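Raw contents of query_35.csv, CSV, C-alpha atoms and all ligand atoms:
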```csv
chain,number,residue,atom,x,y,z
A,1,MET,CA,-31.4,-71.4,-149.2
A,2,LYS,CA,-31.7,-67.9,-147.7
A,3,ASP,CA,-34.7,-67.7,-145.5
A,4,LEU,CA,-37.1,-64.8,-144.9
A,5,SER,CA,-35.3,-63.3,-142.0
A,6,GLY,CA,-35.9,-59.6,-141.9
A,7,PHE,CA,-39.5,-59.9,-142.9
A,8,THR,CA,-41.8,-58.4,-140.3
A,9,LEU,CA,-45.6,-58.3,-140.3
A,10,LEU,CA,-47.3,-56.0,-137.8
A,11,PRO,CA,-51.0,-56.9,-137.9
A,12,GLY,CA,-53.3,-54.1,-137.2
A,13,ARG,CA,-50.5,-51.6,-136.6
A,14,LEU,CA,-52.8,-48.8,-137.8
A,15,ASP,CA,-56.2,-48.3,-136.0
A,16,ALA,CA,-59.4,-47.5,-137.8
A,17,ALA,CA,-59.0,-43.8,-137.5
A,18,ALA,CA,-55.5,-43.8,-138.8
A,19,GLN,CA,-56.6,-46.0,-141.7
A,20,ALA,CA,-59.4,-43.6,-142.6
A,21,ALA,CA,-57.1,-40.6,-142.4
A,22,LEU,CA,-54.7,-42.3,-144.8
A,23,VAL,CA,-57.4,-43.1,-147.3
A,24,GLU,CA,-58.4,-39.4,-147.2
A,25,ALA,CA,-54.8,-38.3,-147.7
A,26,VAL,CA,-54.6,-40.6,-150.7
A,27,ARG,CA,-57.8,-39.3,-152.1
A,28,ALA,CA,-56.4,-35.7,-151.8
A,29,ALA,CA,-53.1,-36.7,-153.4
A,30,ALA,CA,-54.9,-38.5,-156.2
A,31,ALA,CA,-56.9,-35.3,-157.0
A,32,GLU,CA,-53.5,-33.7,-157.8
A,33,ALA,CA,-51.7,-36.8,-159.2
A,34,PRO,CA,-54.3,-39.1,-160.6
A,35,PHE,CA,-54.0,-42.9,-160.4
A,36,HIS,CA,-52.8,-44.4,-163.7
A,37,HIS,CA,-52.2,-47.8,-165.1
A,38,GLN,CA,-48.6,-47.5,-165.9
A,39,VAL,CA,-47.0,-49.5,-168.8
A,40,THR,CA,-44.1,-51.9,-168.3
A,41,PRO,CA,-41.0,-51.5,-170.5
A,42,GLY,CA,-42.4,-54.6,-172.3
A,43,GLY,CA,-45.5,-52.6,-173.2
A,44,LYS,CA,-48.1,-54.2,-170.9
A,45,ALA,CA,-50.5,-52.0,-168.8
A,46,MET,CA,-50.4,-53.0,-165.2
A,47,SER,CA,-53.7,-54.0,-163.5
A,48,VAL,CA,-52.7,-52.0,-160.4
A,49,ALA,CA,-53.3,-48.3,-160.8
A,50,MET,CA,-50.5,-46.1,-159.2
A,51,THR,CA,-49.6,-42.7,-158.1
A,52,GLY,CA,-47.1,-41.3,-155.7
A,53,MET,CA,-46.4,-39.0,-152.7
A,54,GLY,CA,-43.2,-37.5,-151.5
A,55,PRO,CA,-40.0,-36.2,-153.2
A,56,LEU,CA,-39.9,-39.2,-155.6
A,57,SER,CA,-42.1,-41.9,-157.0
A,58,TRP,CA,-41.5,-45.1,-158.9
A,59,VAL,CA,-42.5,-44.9,-162.6
A,60,THR,CA,-42.4,-47.3,-165.5
A,61,ASP,CA,-42.8,-46.7,-169.2
A,62,ALA,CA,-41.1,-47.8,-172.4
A,63,GLY,CA,-37.9,-46.2,-171.1
A,64,GLY,CA,-37.7,-48.5,-168.1
A,65,TYR,CA,-38.2,-48.5,-164.4
A,66,ARG,CA,-37.0,-45.5,-162.3
A,67,TYR,CA,-37.7,-43.0,-159.6
A,68,ALA,CA,-38.9,-39.6,-160.8
A,69,ALA,CA,-39.2,-36.3,-158.9
A,70,ILE,CA,-41.7,-35.0,-161.5
A,71,ASN,CA,-44.9,-36.8,-162.3
A,72,PRO,CA,-44.5,-37.5,-166.1
A,73,ARG,CA,-48.3,-37.3,-166.5
A,74,THR,CA,-48.8,-33.8,-165.0
A,75,GLY,CA,-45.3,-32.3,-165.2
A,76,ARG,CA,-45.5,-31.4,-161.5
A,77,PRO,CA,-43.9,-32.7,-158.4
A,78,TRP,CA,-45.7,-35.4,-156.5
A,79,PRO,CA,-48.0,-34.4,-153.6
A,80,PRO,CA,-46.3,-34.4,-150.2
A,81,MET,CA,-46.0,-37.6,-148.1
A,82,PRO,CA,-48.3,-37.4,-145.1
A,83,GLN,CA,-46.6,-36.8,-141.7
A,84,VAL,CA,-48.1,-40.0,-140.3
A,85,LEU,CA,-46.2,-42.0,-142.9
A,86,ARG,CA,-43.0,-40.2,-142.3
A,87,ASP,CA,-43.4,-40.9,-138.6
A,88,LEU,CA,-44.0,-44.6,-139.3
A,89,TRP,CA,-40.8,-44.8,-141.3
A,90,THR,CA,-38.9,-43.1,-138.5
A,91,ASP,CA,-40.3,-45.5,-136.0
A,92,LEU,CA,-40.0,-48.7,-137.9
A,93,ALA,CA,-37.5,-48.3,-140.8
A,94,ASP,CA,-34.8,-45.8,-140.1
A,95,PRO,CA,-34.6,-43.2,-137.2
A,96,VAL,CA,-32.3,-40.8,-139.1
A,97,VAL,CA,-32.7,-41.0,-142.9
A,98,PRO,CA,-36.2,-40.2,-144.1
A,99,ALA,CA,-38.1,-42.0,-146.7
A,100,ASP,CA,-38.0,-40.2,-150.0
A,101,ALA,CA,-40.7,-42.1,-152.0
A,102,CYS,CA,-44.2,-43.4,-151.3
A,103,LEU,CA,-45.6,-45.5,-154.1
A,104,VAL,CA,-49.4,-45.7,-153.9
A,105,ASN,CA,-50.9,-48.9,-155.4
A,106,LEU,CA,-54.7,-49.1,-156.0
A,107,TYR,CA,-56.0,-52.7,-156.5
A,108,ARG,CA,-59.6,-52.7,-157.8
A,109,GLU,CA,-61.4,-56.0,-158.1
A,110,GLY,CA,-59.2,-58.4,-160.2
A,111,ALA,CA,-56.0,-56.5,-159.9
A,112,LYS,CA,-52.8,-58.4,-159.0
A,113,MET,CA,-49.0,-57.9,-159.1
A,114,GLY,CA,-46.7,-60.5,-160.4
A,115,LEU,CA,-43.6,-61.7,-158.5
A,116,HIS,CA,-40.9,-59.1,-158.6
A,117,ARG,CA,-38.1,-57.7,-156.5
A,118,ASP,CA,-37.9,-54.0,-155.4
A,119,GLN,CA,-34.4,-53.2,-156.8
A,120,ASP,CA,-34.6,-49.7,-158.3
A,121,GLU,CA,-33.4,-48.1,-155.0
A,122,ALA,CA,-29.8,-47.0,-154.4
A,123,ASP,CA,-29.1,-48.7,-151.1
A,124,PHE,CA,-30.8,-52.0,-150.1
A,125,GLY,CA,-29.7,-51.4,-146.5
A,126,PHE,CA,-32.9,-49.4,-146.2
A,127,PRO,CA,-36.0,-51.5,-145.8
A,128,VAL,CA,-39.2,-51.3,-147.8
A,129,LEU,CA,-42.2,-50.5,-145.5
A,130,SER,CA,-45.6,-51.4,-146.7
A,131,VAL,CA,-49.0,-50.3,-145.4
A,132,SER,CA,-52.2,-52.1,-146.4
A,133,LEU,CA,-55.6,-50.4,-146.5
A,134,GLY,CA,-59.0,-51.8,-147.5
A,135,ASP,CA,-59.6,-55.2,-148.9
A,136,THR,CA,-57.3,-58.1,-147.7
A,137,ALA,CA,-54.6,-59.1,-150.1
A,138,ILE,CA,-53.2,-62.6,-150.7
A,139,PHE,CA,-49.5,-61.6,-150.7
A,140,ARG,CA,-46.8,-64.0,-151.7
A,141,ILE,CA,-43.2,-63.8,-150.7
A,142,GLY,CA,-40.3,-66.1,-151.6
A,143,GLY,CA,-36.6,-66.0,-151.7
A,144,LEU,CA,-33.8,-64.4,-153.6
A,145,GLU,CA,-34.4,-66.4,-156.7
A,146,ARG,CA,-37.7,-66.4,-158.6
A,147,THR,CA,-37.8,-70.2,-158.3
A,148,ALA,CA,-37.3,-70.4,-154.5
A,149,PRO,CA,-40.3,-71.7,-152.5
A,150,THR,CA,-42.9,-69.0,-151.6
A,151,ARG,CA,-45.4,-68.6,-148.9
A,152,SER,CA,-48.7,-66.9,-148.9
A,153,ILE,CA,-49.6,-64.3,-146.3
A,154,ARG,CA,-52.9,-62.3,-145.8
A,155,LEU,CA,-52.4,-58.6,-145.5
A,156,ALA,CA,-55.5,-57.0,-144.0
A,157,SER,CA,-56.4,-53.3,-143.6
A,158,GLY,CA,-54.1,-51.6,-141.1
A,159,ASP,CA,-51.4,-54.2,-141.4
A,160,VAL,CA,-47.8,-52.9,-141.8
A,161,CYS,CA,-45.0,-55.0,-143.1
A,162,LEU,CA,-41.3,-54.5,-143.4
A,163,LEU,CA,-38.9,-56.1,-145.9
A,164,ALA,CA,-35.5,-55.7,-144.3
A,165,GLY,CA,-32.4,-57.7,-144.1
A,166,ALA,CA,-32.3,-60.9,-146.2
A,167,SER,CA,-36.0,-60.4,-147.2
A,168,ARG,CA,-35.2,-56.9,-148.7
A,169,LEU,CA,-34.5,-58.4,-152.1
A,170,ALA,CA,-37.0,-61.3,-151.8
A,171,PHE,CA,-39.4,-61.9,-154.7
A,172,HIS,CA,-42.9,-61.0,-153.8
A,173,GLY,CA,-46.2,-60.1,-155.3
A,174,VAL,CA,-50.0,-60.0,-154.8
A,175,ASP,CA,-51.9,-63.0,-156.1
A,176,ARG,CA,-55.3,-61.4,-155.6
A,177,ILE,CA,-57.4,-59.3,-153.3
A,178,LEU,CA,-60.5,-60.5,-151.4
A,179,SER,CA,-63.0,-58.2,-153.0
A,180,GLY,CA,-65.5,-56.8,-150.6
A,181,SER,CA,-63.6,-57.9,-147.5
A,182,SER,CA,-63.5,-54.2,-146.4
A,183,ARG,CA,-65.5,-51.1,-147.0
A,184,LEU,CA,-62.7,-48.7,-146.3
A,185,VAL,CA,-61.8,-47.7,-149.8
A,186,PRO,CA,-64.4,-45.6,-151.7
A,187,GLY,CA,-65.4,-47.6,-154.8
A,188,GLY,CA,-64.0,-50.8,-153.3
A,189,GLY,CA,-60.6,-52.5,-153.4
A,190,ARG,CA,-57.3,-52.1,-151.7
A,191,ILE,CA,-54.7,-49.4,-151.4
A,192,ASN,CA,-51.1,-50.3,-150.6
A,193,LEU,CA,-48.5,-47.7,-149.7
A,194,THR,CA,-44.8,-48.6,-149.9
A,195,LEU,CA,-42.3,-46.2,-148.4
A,196,ARG,CA,-38.8,-46.4,-149.6
A,197,ARG,CA,-35.5,-44.6,-149.5
A,198,ALA,CA,-34.7,-44.5,-153.2
A,199,ARG,CA,-31.7,-42.1,-153.3
A,200,PRO,CA,-28.4,-42.6,-151.4
A,201,ALA,CA,-28.5,-41.3,-147.9
A,301,LIG,C1,-45.5,-54.0,-154.2
A,301,LIG,O1,-44.7,-55.0,-154.1
A,301,LIG,O2,-45.1,-52.9,-154.7
A,301,LIG,C2,-46.9,-54.1,-153.6
A,301,LIG,C3,-47.0,-55.0,-152.5
A,301,LIG,C4,-48.4,-55.0,-152.0
A,301,LIG,O3,-49.3,-54.5,-152.7
A,301,LIG,O4,-48.7,-55.4,-150.8
A,302,FE2,FE,-42.7,-54.7,-154.5
```
Would you write out, as structure tokens, the structure that this file holds?
Amino acid sequence: MKDLSGFTLLPGRLDAAAQAALVEAVRAAAAEAPFHHQVTPGGKAMSVAMTGMGPLSWVTDAGGYRYAAINPRTGRPWPPMPQVLRDLWTDLADPVVPADACLVNLYREGAKMGLHRDQDEADFGFPVLSVSLGDTAIFRIGGLERTAPTRSIRLASGDVCLLAGASRLAFHGVDRILSGSSRLVPGGGRINLTLRRARPA
């Protein structure tokens, strides 16, 4: 069985000021590109509300999963990716090729995300970099097959994790959030930012 080599957790990588600045950046982005419960190709609305920042964001609807340069709900490009996130990608993920997508996930009380793999990107040589803000998440990560053993990891506000190497295509999801464990996100809950390189370099 392939192990989780390549998975890195950096607890508390972002300090309180950086976390607050990112929440503010997300609030400004969401004023332009509102959070929305997207619908899977199978017709189910996701419990996690999403928006995006940067040249591309991940979208799903009856037509399938894909990266889009235009927000299908507004007809406009996504708001720009904050510099602090671009710098984090350069420092931790790839020093040369920039991230071109930041998916913003908002978990209010009760939201979760089923086990899945991030596989809509062109080149799995680039990691997925994830930033957690607000309430702690019970994150689950397994192996390359859905049935492989999984382990549960707490992701707290300010934690950054990297799915690289063998873990890049590992099944993962969020079982639940610990509602009220943080007061960072206005209205409560958790924000997760995932930076990716979606297009070929
Ligand atoms: C995701 O897999 O897109 C989200 C992961 C997370 O919320 O930590
Ligand atoms: Fe994912």
(request) Considering all atoms listed in the file, return as a VMD selection string whatever protein or nucleic-acid residues lie within 10 Å of Pro82 of chain A, sequence-local ones (same chain, fewer than 4 positions apart) excluded. (result) chain A and resid 21 to 22 25 to 26 29 53 to 54 86 to 87 102
(request) Grab me every residue within 9 Å of ligand LIG 301 (chain A), counting only C-alpha atoms and all ligand atoms, and send it over as a PyMOL selection string. (result) chain A and resi 48+103-107+112-118+130-132+137-140+155+161+171-174+190-194
(request) Please measure the separation of atom CA of Glu145 of chain A and atom CA of Ala170 of chain A, giving the value in Å to one decimal. (result)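 Between these atoms lies a distance of 7.5 Å.
The residue that comes closest to ligand FE2 302 (chain A), out of A:Gln83, A:Leu14, A:Arg176, A:Leu169 and on the basis of all atoms listed in the file, is A:Leu169.
Computed from the coordinates, the atom CA of Pro79 of chain A to atom CA of Arg154 of chain A distance equals 29.4 Å.
With distances taken over all atoms listed in the file, A:Leu129 is the one residue among A:Ala166, A:Leu85, A:Leu178, A:Leu129 lying closest to ligand FE2 302 (chain A).
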(message) When you count all atoms listed in the file, which of these residues is closest to Arg196 of chain A: A:Leu163, A:Ala68, A:Leu184, A:Ala99?
(response)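 Using all atoms listed in the file, Arg196 of chain A sits closest to A:Ala99.
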(request) Fewer than 4 positions away in the same chain doesn't count, so skip those; otherwise give me all residues within 9 Å of Ala20 of chain A, counting only C-alpha atoms, as a list in words. (result)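 These residues fall inside the cut-off: Asp15, Ala16, Glu24, Ala25, Leu133, Leu184 and Val185 of chain A.
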If you keep C-alpha atoms, can you produce a file of those selected residues as a short mmCIF file (atom, residue, chain, number, x, y, z; two decimals), in the frame of the given file?
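Now in result_10.cif:
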```cif
data_model
loop_
_atom_site.label_atom_id
_atom_site.label_comp_id
_atom_site.auth_asym_id
_atom_site.auth_seq_id
_atom_site.Cartn_x
_atom_site.Cartn_y
_atom_site.Cartn_z
CA ASP A 15 -56.20 -48.30 -136.00
CA ALA A 16 -59.40 -47.50 -137.80
CA GLU A 24 -58.40 -39.40 -147.20
CA ALA A 25 -54.80 -38.30 -147.70
CA LEU A 133 -55.60 -50.40 -146.50
CA LEU A 184 -62.70 -48.70 -146.30
CA VAL A 185 -61.80 -47.70 -149.80
#
```
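From atom CA of Arg199 of chain A back to atom CA of Ala101 of chain A, the distance works out to 9.1 Å.
Restricting the calculation to only C-alpha atoms, the smallest distance between Glu121 of chain A and any of A:Arg168, A:Arg76, A:Arg146, A:Arg151 is found for A:Arg168.
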